[in-house]
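Only one structure is covered here, and it is reproduced in the block below.
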Amino acid sequence: MTYTEQSLDALRTAGDELADATVATLFERGEVGTFNTLMRYVSTAGAPLPDGLPEVAREYLHLTAAPPSWVDWEEMERARMFFIDNNVHISTALSFAAMPACYVLPHVARLLSATHSLKYPSKRMAETGQFTVYLMQPGAFEAGSRFIPAAQKVRLLHAAVRHHLCREGRWDTESLGTPICQEDMIGGQMMFSIQVLDALHRLGIHMSTEGAESYYYAWRVVGAMLGVDQEHAPGDLDQARRFSDLYMTRHMGPSEEGAHLTRQLIDLYEEVVPGTLFDPVVGALIRYLVGDTCADWLQVPRTPWDTAVKAAPALLGILESIEDRSPLGAWALDRLGHFTTLLELSSLTRGRVMHYAIPEELKKDYGVTAARTARWTPPAPTVTT
């Protein structure tokens, strides 16, 4: 598949027809509050839907209750094993590379600043971490699992943001496109796949081509379940790379919202790190993983740790050598990684289950009618037309 400026421009006008229609009906009938209340009891796949659930929501949940028919389950299992082998590294990449990569896109940072829930980075990080853990659990798509209901709710959450911004005239669709449009939904898929794989490479993690492809495949399945039009979604890593490169060069640049969200993220993780001695490591790791240009746009402070953190690949290489030489060591490190990931997630969720509710309103002080920063002019793209 070939991606061009023109083809991506076309994707900026498209949303998610099914989810958008569902959310519009819920708001028109005043049923959002009822939906949110009752959906707190829908947390596992295959569970009976509660009485009183709005009919339009019941129909949506029925239509989205199964994964795509084309899913290769052997490939999904390889993705799960890849996650188990690299769970701490993937969590690091999500926190310190993928999230800041979202913030370096001014229109995405502006959109993330628009909702009450996303005002607090701990909630967004908790929702992201919990969603990923659900995805990589054994039987994630089977009855009793938590992933499918989470995906159904996230899809409606995105539609609700579109609904609010467009209905209230708080988004300049002419210059910014539809909020959370198809281009941005595919771009989000790239953040959780390509950007994570790039960060793992930067950290010196040795990955097989098969493992990387499987990990991307899993997020391709996720994209389909979140409403990404598969006619335009990258089918493999090569296509994903072409899309990601063009998407980033089209939109990346500095913004006040991006710098503010990054500062919140740094503050959050400085609170998680015990004491204050190692606080500068947080910003240094972000700078190392996203590069100096993006870090400067996000106003990530420079510290003496910027040099020291470059030793991370060597340290991780030592741990990988232990895994390669000792089955017991590999098992111990995998378990340590598993518990570290759960501990980090627990600290963000405070032991609660995140419910991904539809926001009934957005921040009252939010309002942008046009881009407030100059568009960054990239070098000539390498994508063929």
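A note on labels: chains of the structure tokens are A, B, ... as shown, every chain counts residues from 1, and ligands are counted from 1 in their shown order.
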Just asking: which residues within region 125-254 of chain A are alpha helix (DSSP H) according to DSSP, as a ChimeraX atom specification?
-> /A:125-135,147-167,173-176,182-192,194-202,209-225,237-251
Test item: residues at most 10 Å from Leu63 (chain A), only C-alpha atoms, excluding those fewer than 6 positions along its chain, as a ChimeraX atom specification = /A:18,57,152
Selection near region 9-14 of chain A, 6 Å with only C-alpha atoms, sequence-local residues under 2 positions removed, as a ChimeraX atom specification | /A:6-7,177-178,181-183
Would you output that residue set with all heavy atoms, as a tab-separated table (two decimals), in the first residue's frame?
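The new file part11.tsv reads:
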```tsv
chain	number	residue	atom	x	y	z
A	6	GLN	N	-1.90	13.18	-0.05
A	6	GLN	CA	-3.28	13.25	-0.47
A	6	GLN	C	-4.11	12.14	0.19
A	6	GLN	O	-5.24	12.36	0.63
A	6	GLN	CB	-3.40	13.15	-1.99
A	6	GLN	CG	-2.85	14.35	-2.75
A	6	GLN	CD	-1.31	14.41	-2.73
A	6	GLN	OE1	-0.64	13.38	-2.63
A	6	GLN	NE2	-0.78	15.63	-2.81
A	7	SER	N	-3.57	10.93	0.24
A	7	SER	CA	-4.33	9.83	0.82
A	7	SER	C	-4.52	10.02	2.32
A	7	SER	O	-5.58	9.70	2.87
A	7	SER	CB	-3.63	8.49	0.54
A	7	SER	OG	-2.38	8.39	1.20
A	177	GLY	N	-9.04	18.85	10.70
A	177	GLY	CA	-9.67	17.60	10.35
A	177	GLY	C	-10.63	17.15	11.43
A	177	GLY	O	-10.79	17.80	12.47
A	178	THR	N	-11.26	16.01	11.22
A	178	THR	CA	-12.15	15.43	12.23
A	178	THR	C	-11.32	15.02	13.44
A	178	THR	O	-10.27	14.41	13.30
A	178	THR	CB	-12.85	14.19	11.65
A	178	THR	OG1	-13.65	14.59	10.53
A	178	THR	CG2	-13.72	13.50	12.68
A	181	CYS	N	-9.62	11.31	13.94
A	181	CYS	CA	-9.99	10.83	12.60
A	181	CYS	C	-9.27	9.51	12.29
A	181	CYS	O	-8.48	9.01	13.09
A	181	CYS	CB	-9.61	11.88	11.57
A	181	CYS	SG	-7.83	12.22	11.52
A	182	GLN	N	-9.55	8.96	11.13
A	182	GLN	CA	-8.93	7.69	10.75
A	182	GLN	C	-7.40	7.83	10.68
A	182	GLN	O	-6.68	6.91	11.10
A	182	GLN	CB	-9.48	7.22	9.40
A	182	GLN	CG	-10.84	6.58	9.48
A	182	GLN	CD	-10.84	5.24	10.19
A	182	GLN	OE1	-9.91	4.45	10.06
A	182	GLN	NE2	-11.89	4.99	10.96
A	183	GLU	N	-6.89	8.95	10.20
A	183	GLU	CA	-5.43	9.10	10.18
A	183	GLU	C	-4.87	9.05	11.59
A	183	GLU	O	-3.84	8.40	11.83
A	183	GLU	CB	-5.03	10.42	9.51
A	183	GLU	CG	-3.51	10.54	9.37
A	183	GLU	CD	-3.02	11.93	9.01
A	183	GLU	OE1	-3.78	12.90	9.16
A	183	GLU	OE2	-1.85	12.05	8.57
```
Proximity of region 47-166 of chain A to region 186-208 of chain A: per-residue shortest pair, 7 Å limit, only C-alpha atoms, as JSON lines:
```
{"residue": "A:His89", "atom": "CA", "partner": "A:Leu200", "partner_atom": "CA", "distance": 6.7}
{"residue": "A:Ile90", "atom": "CA", "partner": "A:Val196", "partner_atom": "CA", "distance": 6.6}
{"residue": "A:Ala93", "atom": "CA", "partner": "A:Val196", "partner_atom": "CA", "distance": 5.3}
{"residue": "A:Leu94", "atom": "CA", "partner": "A:Val196", "partner_atom": "CA", "distance": 6.2}
{"residue": "A:Ala97", "atom": "CA", "partner": "A:Ala199", "partner_atom": "CA", "distance": 6.5}
{"residue": "A:Ala98", "atom": "CA", "partner": "A:Met191", "partner_atom": "CA", "distance": 5.3}
```
Taking N, CA and C atoms for each residue, export the selection above as a short mmCIF file (atom, residue, chain, number, x, y, z; two decimals), in the first residue's frame.
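Written output follows (selection-v9.cif):
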```cif
data_model
loop_
_atom_site.label_atom_id
_atom_site.label_comp_id
_atom_site.auth_asym_id
_atom_site.auth_seq_id
_atom_site.Cartn_x
_atom_site.Cartn_y
_atom_site.Cartn_z
N HIS A 89 10.51 -3.73 29.39
CA HIS A 89 11.03 -2.86 28.33
C HIS A 89 9.88 -2.19 27.56
N ILE A 90 8.81 -2.96 27.29
CA ILE A 90 7.67 -2.41 26.58
C ILE A 90 6.99 -1.35 27.42
N ALA A 93 9.04 1.71 27.16
CA ALA A 93 8.89 2.34 25.86
C ALA A 93 7.55 3.07 25.75
N LEU A 94 6.48 2.48 26.28
CA LEU A 94 5.18 3.12 26.26
C LEU A 94 5.19 4.43 27.06
N ALA A 97 8.54 6.88 25.63
CA ALA A 97 8.72 7.14 24.20
C ALA A 97 7.38 7.33 23.50
N ALA A 98 6.46 6.36 23.62
CA ALA A 98 5.20 6.44 22.89
C ALA A 98 4.33 7.61 23.36
#
```
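Residues with any atom within 9 Å of Gly235 (chain A), counting only C-alpha atoms and excluding same-chain neighbours fewer than 4 positions away, are Met1, Tyr217, Arg220, Gln230, Gln239 and Ala240 of chain A.
For the pair CA of Pro280 (chain A) and CA of Ala295 (chain A), the separation is 13.8 Å.
Among the candidate residues A:Gln130, A:Thr92, A:Thr2, A:Thr307, the one lying nearest to Tyr356 (chain A) is A:Gln130, with distances computed using only C-alpha atoms.
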Excluding same-chain residues fewer than 4 positions from Ala160 (chain A), what lies within 10 Å of it counting only C-alpha atoms, as a ChimeraX atom specification?
-> /A:19-20,22-24,26-27,32,154-156,164-166,357-362
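Going from CA of Gly129 (chain A) to CA of Ala150 (chain A) covers 11.9 Å.
Remark: for Asp16 (chain A), the closest of the candidate residues A:Arg167, A:Met39, A:Leu53, A:Gly227 is A:Gly227 (distances computed over only C-alpha atoms).
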Expressed in Å to a single decimal, how great is the separation between CA of Leu157 (chain A) and CA of Ile286 (chain A)?
-> 27.8 Å
